[in-house]
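Enquirer: Supplied in structure tokens, the structure appears directly below.
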Amino acid sequence: MQVEGNGEESGITNRRFALPVDAENKSTTFRLFSFAKPHMRAFHLSWFQFFCCFVSTFAAPPLLPVIRENLNLTATDIGNAGIASVSGSVFARLVMGTACDLFGPRLASAALTLSTAPAVYYTAGIKSPIGFIMVRFFAGFSLATFVSTQFWMSSMFSGPVVGSANGIAAGWGNLGGGATQLIMPLVFSVIQGAGATKFTAWRIAFFIPGLFQTFSAFAVLVFGQDLPDGDYWAMHRSGEKQKDDVSKVIRHGITNYRGWITALAYGYCFGVELTIDNIIAEYFFDRFHLKLQTAGIIAASFGLANFFARPGGGIFSDLMARRFGMRGRLWAWWIVQTTGGVLCALLGQIDSLTLSIVVMLIFSVFVQAACGLTFGVVPFISRRSLGVVSGMTGAGGNVGAVLTQLIFFKGSTYARETGITLMGIMAIACSLPICLIYFPQWGGMFCGPSSKKVTEEEYYLSEWSDKEKENEFTSH
């Protein structure tokens with residue numbers, strides 16, 4: 001697969017790179033099956049690391065029928081554990097964004113992945129509900145590698161193809177949420193078949209995702225590179241890249257209202273996806289009285305749609321931008337996310353197993369494509385505070401998941417099917433503020449560009465003061 005940019009950014013040949021690049025040495029093409037250094041190598045390392053973290057974070061839900069029996073978990077315990085798994089990374093994603101801006105995505109992501117792997121290993125030794133909740137909380141911190149993945153892709157690929165790069169990297173990473181629904185029951189069955197009791201087999205099974213998570217972190221450290229021109233630490237030392245002021249980086253990120261809107265909307269596309277990852281296997285197991293493996297296969301099909309759905313959203317965003325500019329990206333995002341909300345609400349109203357599976361599969365495509373479309377817009381919001389805005393948006397996804405599970409899926413206040421319907425309605429409502437996003441150089445959903453003729457360069461340079469520009473604080 002190859003995606004190419006066009007127009008002024010379509011690329012120049014640079015003998016230092018295997019791919020054509022623009023003036024900032026960002027690749028203007030996206031060649032999926034290439035491992036060319038540094039652009040495509042960064043792509044493959046980032047999605048694989050995020051995939052491993054996703055598998056680890058959601059390794060428990062497909063084994064819940066066994067785990068809850070072993071640890072005597074109540075419905076409230078299970079709900080709290082699901083909330084814990086996605087709440088920890090709210091803060092971690094905010095910090096990860098700033099860490100990427102200051103230290104680079106390579107060191108920031110590898111450090112987090114290595115520091116959270118022990119929580120995955122320790123799952124094998126828990127003996128109480130509170131222990132189960134705590135390991136899911138700390139393992140969930142690793143989901144912040146999503147921010148480094150998006151930051152890394154936005155640093156390596158130019159505007160015409162950045163939506164595709166972001167969408168495919170995140171989509172293939174999120175694929176871990178579906179893959180773990182297949183992997184963990186399979187690993188559990190193999191270990192049990194080797195002679196272990198079921199209460200021992202599920203514990204041993206957690207060493208598999210832990211090992212892969214550890215391996216991915218070392219791979220990023222050894223083979224990755226922060227920017228097309230080198231690593232942050234080397235460029236800081238040589239003077240090629242100036243160290244920025246952390247307070248100003250954060251301030252410019254949090255004062256850009258567009259970042260808050262992307263965070264809200266992402267809370268009800270990716271937040272919905274995280275919630276479904278936590279509840280869907282148990283939902284089908286309990287409501288339709290299925291076997292554990294059968295429920296796991298159905299649940300896996302939701303997450304496995306990330307293989308093409310989220311990448312498709314990113315590619316669709318780029319295609320709409322070529323035809324309609326930023327307005328095309330925004331309209332496509334709103335339409336797809338709203339449709340996903342409608343299908344989610346419908347899923348909760350269906351009593352037929354076959355129809356539920358069909359609607360769930362269609363719903364999965366739209367909600368995951370909406371995630372890809374979100375990050376077809378995020379890279380254009382800020383240059384100086386790209387990591388902060390990416391972190392805010394990513395954290396918004398986790399906040400949405402936490403709030404949704406607290407309100408609709410904690411305890412027995414709502415039946416699972418009612419909670420799913422109400423979650424869909426929330427998704428529809430939270431997509432409406434997308435219409436408020438406006439760029440003076442490109443316009444918004446209902447308005448064209450500003451009459452003041454603001455250029456793209458002027459928009460981004462406004463994040464630096466005149467004094468900072470004089471001191472060559474920008475990294476052009």
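Ligands are numbered from 1 in the order shown, chains are lettered A, B, ... in the order of the structure tokens, and residues start at 1 in each chain.
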Please identify every residue of region 41-65 of chain A that has at least one atom no farther than 12 Å from an atom of region 158-165 of chain A, counting only C-alpha atoms, and for each give the shortest atom pair and the distance in Å to one decimal, arranged by chain then increasing number, as a tab-separated table.

Expert:
residue	atom	partner	partner_atom	distance
A:Ala42	CA	A:Ala165	CA	10.6
A:Phe43	CA	A:Ala165	CA	7.5
A:His44	CA	A:Ala165	CA	10.4
A:Ser46	CA	A:Ala165	CA	10.8
A:Trp47	CA	A:Ala165	CA	10.2

Enquirer: If you keep N, CA and C atoms, can you produce a file of those selected residues as a PDB file, in the first residue's frame?

Expert:
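File written: again.pdb
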ATOM      1  N   ALA A  42      10.004   3.863  12.114  1.00  0.00           N
ATOM      2  CA  ALA A  42       9.291   4.458  13.249  1.00  0.00           C
ATOM      3  C   ALA A  42       7.833   4.025  13.241  1.00  0.00           C
ATOM      4  N   PHE A  43       7.235   3.970  12.051  1.00  0.00           N
ATOM      5  CA  PHE A  43       5.840   3.539  11.946  1.00  0.00           C
ATOM      6  C   PHE A  43       5.651   2.132  12.508  1.00  0.00           C
ATOM      7  N   HIS A  44       6.468   1.195  12.064  1.00  0.00           N
ATOM      8  CA  HIS A  44       6.291  -0.198  12.483  1.00  0.00           C
ATOM      9  C   HIS A  44       6.623  -0.397  13.959  1.00  0.00           C
ATOM     10  N   SER A  46       6.274   1.869  16.328  1.00  0.00           N
ATOM     11  CA  SER A  46       5.259   2.538  17.149  1.00  0.00           C
ATOM     12  C   SER A  46       3.979   1.720  17.231  1.00  0.00           C
ATOM     13  N   TRP A  47       3.512   1.194  16.086  1.00  0.00           N
ATOM     14  CA  TRP A  47       2.245   0.447  16.148  1.00  0.00           C
ATOM     15  C   TRP A  47       2.436  -0.866  16.903  1.00  0.00           C
TER      16      TRP A  47
END

Enquirer: Need the shell around Leu94 (chain A): protein/DNA/RNA residues with any atom at most 8 Å away, counting only C-alpha atoms. Skip same-chain ones fewer than 6 positions apart. Format as a PyMOL selection string?

Expert: chain A and resi 388+391-392+394-395

Enquirer: Residues at most 10 Å from Trp334 (chain A), counting only C-alpha atoms, excluding those fewer than 4 positions away in the same chain, as a list in words?

Expert: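 Returned residues: Ala265, Arg329, Leu330, Thr338, Thr339, Gly340, Ala370, Leu373, Thr374, Ile428, Cys430, Ser431, Leu432, Pro433, Ile434, Cys435 and Met445 of chain A.
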
Enquirer: Using only C-alpha atoms, tabulate the residues of region 35-98 of chain A lying at most 8 Å from any atom of region 216-235 of chain A, each with its closest atom pair and that distance in Å to one decimal, by chain and increasing residue number, as JSON lines.

Expert:
{"residue": "A:Pro38", "atom": "CA", "partner": "A:Pro228", "partner_atom": "CA", "distance": 6.0}
{"residue": "A:His39", "atom": "CA", "partner": "A:Pro228", "partner_atom": "CA", "distance": 6.8}
{"residue": "A:Arg41", "atom": "CA", "partner": "A:Gly224", "partner_atom": "CA", "distance": 7.0}
{"residue": "A:Ala42", "atom": "CA", "partner": "A:Gly224", "partner_atom": "CA", "distance": 5.8}
{"residue": "A:Leu45", "atom": "CA", "partner": "A:Val220", "partner_atom": "CA", "distance": 5.9}
{"residue": "A:Ser46", "atom": "CA", "partner": "A:Val220", "partner_atom": "CA", "distance": 7.5}
{"residue": "A:Phe48", "atom": "CA", "partner": "A:Ser216", "partner_atom": "CA", "distance": 6.9}
{"residue": "A:Gln49", "atom": "CA", "partner": "A:Ser216", "partner_atom": "CA", "distance": 5.0}
{"residue": "A:Cys52", "atom": "CA", "partner": "A:Ser216", "partner_atom": "CA", "distance": 7.2}

Enquirer: Show me, as an NGL selection string, the residues that have an atom within 7 Å of region 449-466 of chain A when counting only C-alpha atoms, minus same-chain residues fewer than 3 positions from it.

Expert: :A and (252 or 382-384 or 440-443 or 469-470)

Enquirer: I need the residues from that last selection saved to file as a compact mmCIF listing (two decimals), in the first residue's frame (with N, CA and C atoms), if you can.

Expert:
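Result saved to out-v2.txt:
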# COMPACT_ATOMS: atom_id res chain seq x y z
N HIS A 252 0.49 26.95 25.58
CA HIS A 252 -0.04 27.06 24.22
C HIS A 252 -0.94 25.88 23.87
N SER A 382 -1.69 22.42 16.36
CA SER A 382 -0.53 23.14 16.91
C SER A 382 0.75 22.49 16.44
N ARG A 383 1.78 23.31 16.25
CA ARG A 383 3.10 22.76 15.94
C ARG A 383 3.96 22.75 17.20
N ARG A 384 3.96 23.85 17.93
CA ARG A 384 4.80 23.93 19.12
C ARG A 384 4.34 22.97 20.22
N PRO A 440 -8.26 29.83 10.92
CA PRO A 440 -8.33 31.05 10.10
C PRO A 440 -7.79 30.86 8.69
N GLN A 441 -6.84 29.96 8.51
CA GLN A 441 -6.25 29.76 7.18
C GLN A 441 -7.03 28.78 6.32
N TRP A 442 -7.89 27.96 6.94
CA TRP A 442 -8.62 26.93 6.18
C TRP A 442 -10.14 27.02 6.34
N GLY A 443 -10.62 27.58 7.43
CA GLY A 443 -12.05 27.65 7.67
C GLY A 443 -12.53 26.53 8.58
N LYS A 469 11.30 34.20 18.24
CA LYS A 469 11.62 34.04 16.82
C LYS A 469 13.02 34.59 16.53
N GLU A 470 13.32 35.71 17.15
CA GLU A 470 14.65 36.31 16.97
C GLU A 470 15.75 35.41 17.51

Enquirer: Counting only C-alpha atoms, what is within 6 Å of Leu304 (chain A), bar same-chain residues fewer than 4 positions away, as an MDAnalysis selection string?

Expert: chainID A and resid 175 178 300

Enquirer: Find the spatial neighbours of Glu273 (chain A), counting only C-alpha atoms, within a cut-off of 9 Å - ignore same-chain residues fewer than 5 positions away - and output them as a PyMOL selection string.

Expert: chain A and resi 268+278+302-303+364+367-368+397+401

Enquirer: I'd like to know which of A:Leu19, A:Val120, A:Val365, A:Ala179 is closest to Met156 (chain A), using only C-alpha atoms.

Expert: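 Residue with the minimum atom-to-atom distance to Met156 (chain A): A:Leu19.
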
Enquirer: So what do you get for CA of Gly341 (chain A) versus CA of Cys269 (chain A), distance-wise?

Expert: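 Atom-to-atom, CA of Gly341 (chain A) to CA of Cys269 (chain A), that is 8.3 Å.
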
Enquirer: As number ranges by chain, please: the residues near Gln150 (chain A) (cut-off 8 Å, only C-alpha atoms, same-chain neighbours under 5 positions excluded).

Expert: A: 166, 169-170, 375, 390

Enquirer: Please dump the current selection as an mmCIF file, in the first residue's frame; keep N, CA and C atoms.

Expert:
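Final output, result_19.cif:
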data_model
loop_
_atom_site.group_PDB
_atom_site.id
_atom_site.type_symbol
_atom_site.label_atom_id
_atom_site.label_comp_id
_atom_site.auth_asym_id
_atom_site.auth_seq_id
_atom_site.Cartn_x
_atom_site.Cartn_y
_atom_site.Cartn_z
ATOM 1 N N ASN A 166 -1.131 8.226 10.873
ATOM 2 C CA ASN A 166 -1.706 8.204 12.219
ATOM 3 C C ASN A 166 -2.791 7.140 12.338
ATOM 4 N N ALA A 169 -1.221 3.445 12.130
ATOM 5 C CA ALA A 169 -0.423 3.131 13.323
ATOM 6 C C ALA A 169 -1.319 2.912 14.537
ATOM 7 N N ALA A 170 -2.274 3.814 14.755
ATOM 8 C CA ALA A 170 -3.170 3.681 15.899
ATOM 9 C C ALA A 170 -4.126 2.505 15.717
ATOM 10 N N PHE A 375 -7.695 11.986 14.480
ATOM 11 C CA PHE A 375 -6.272 12.283 14.358
ATOM 12 C C PHE A 375 -5.846 12.593 12.926
ATOM 13 N N SER A 390 -2.033 16.374 21.461
ATOM 14 C CA SER A 390 -2.238 14.936 21.267
ATOM 15 C C SER A 390 -2.544 14.264 22.595
#

Enquirer: Check the smallest atom-to-atom distance from each of A:Phe58, A:Phe380, A:Phe188, A:Phe207 to Tyr122 (chain A) using only C-alpha atoms, then report the winner.

Expert: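 When distances to Tyr122 (chain A) are compared using only C-alpha atoms, the smallest one comes from A:Phe207.
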
Enquirer: Report the residues of region 203-417 of chain A whose backbone DSSP state falls under helix (DSSP H, G or I), written as an NGL selection string.

Expert: :A and (203-205 or 207-223 or 232-238 or 246-254 or 257-267 or 270-287 or 292-307 or 309-324 or 326-347 or 353-374 or 378-380 or 386-408 or 416-417)

Enquirer: What separation in Å, quoted to one decimal, exists between CA of Pro311 (chain A) and CA of Ile381 (chain A)?

Expert: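 Spanning CA of Pro311 (chain A) to CA of Ile381 (chain A) is a straight-line distance of 20.2 Å.
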
Enquirer: Between CA of Ser148 (chain A) and CA of Ala111 (chain A), what is the distance in Å, rounded to a tenth?

Expert: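 Atom-to-atom, CA of Ser148 (chain A) to CA of Ala111 (chain A), that is 11.3 Å.
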
Enquirer: So, counting only C-alpha atoms, which residue among A:Gly167, A:Gly348, A:Gly210, A:Gly444 is closest to Pro118 (chain A)?

Expert: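 Answer, going by the shortest atom-to-atom distance: A:Gly210.
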
Enquirer: Counting only C-alpha atoms, which residue out of A:Ala81, A:Val272, A:Ala124, A:Ala332 sits closest to Phe138 (chain A)?

Expert: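 Answer, going by the shortest atom-to-atom distance: A:Ala81.
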
Enquirer: Counting only C-alpha atoms, which of A:Trp333, A:Phe54, A:Phe35, A:Tyr257 gets nearest to Ile315 (chain A)?

Expert: A:Trp333
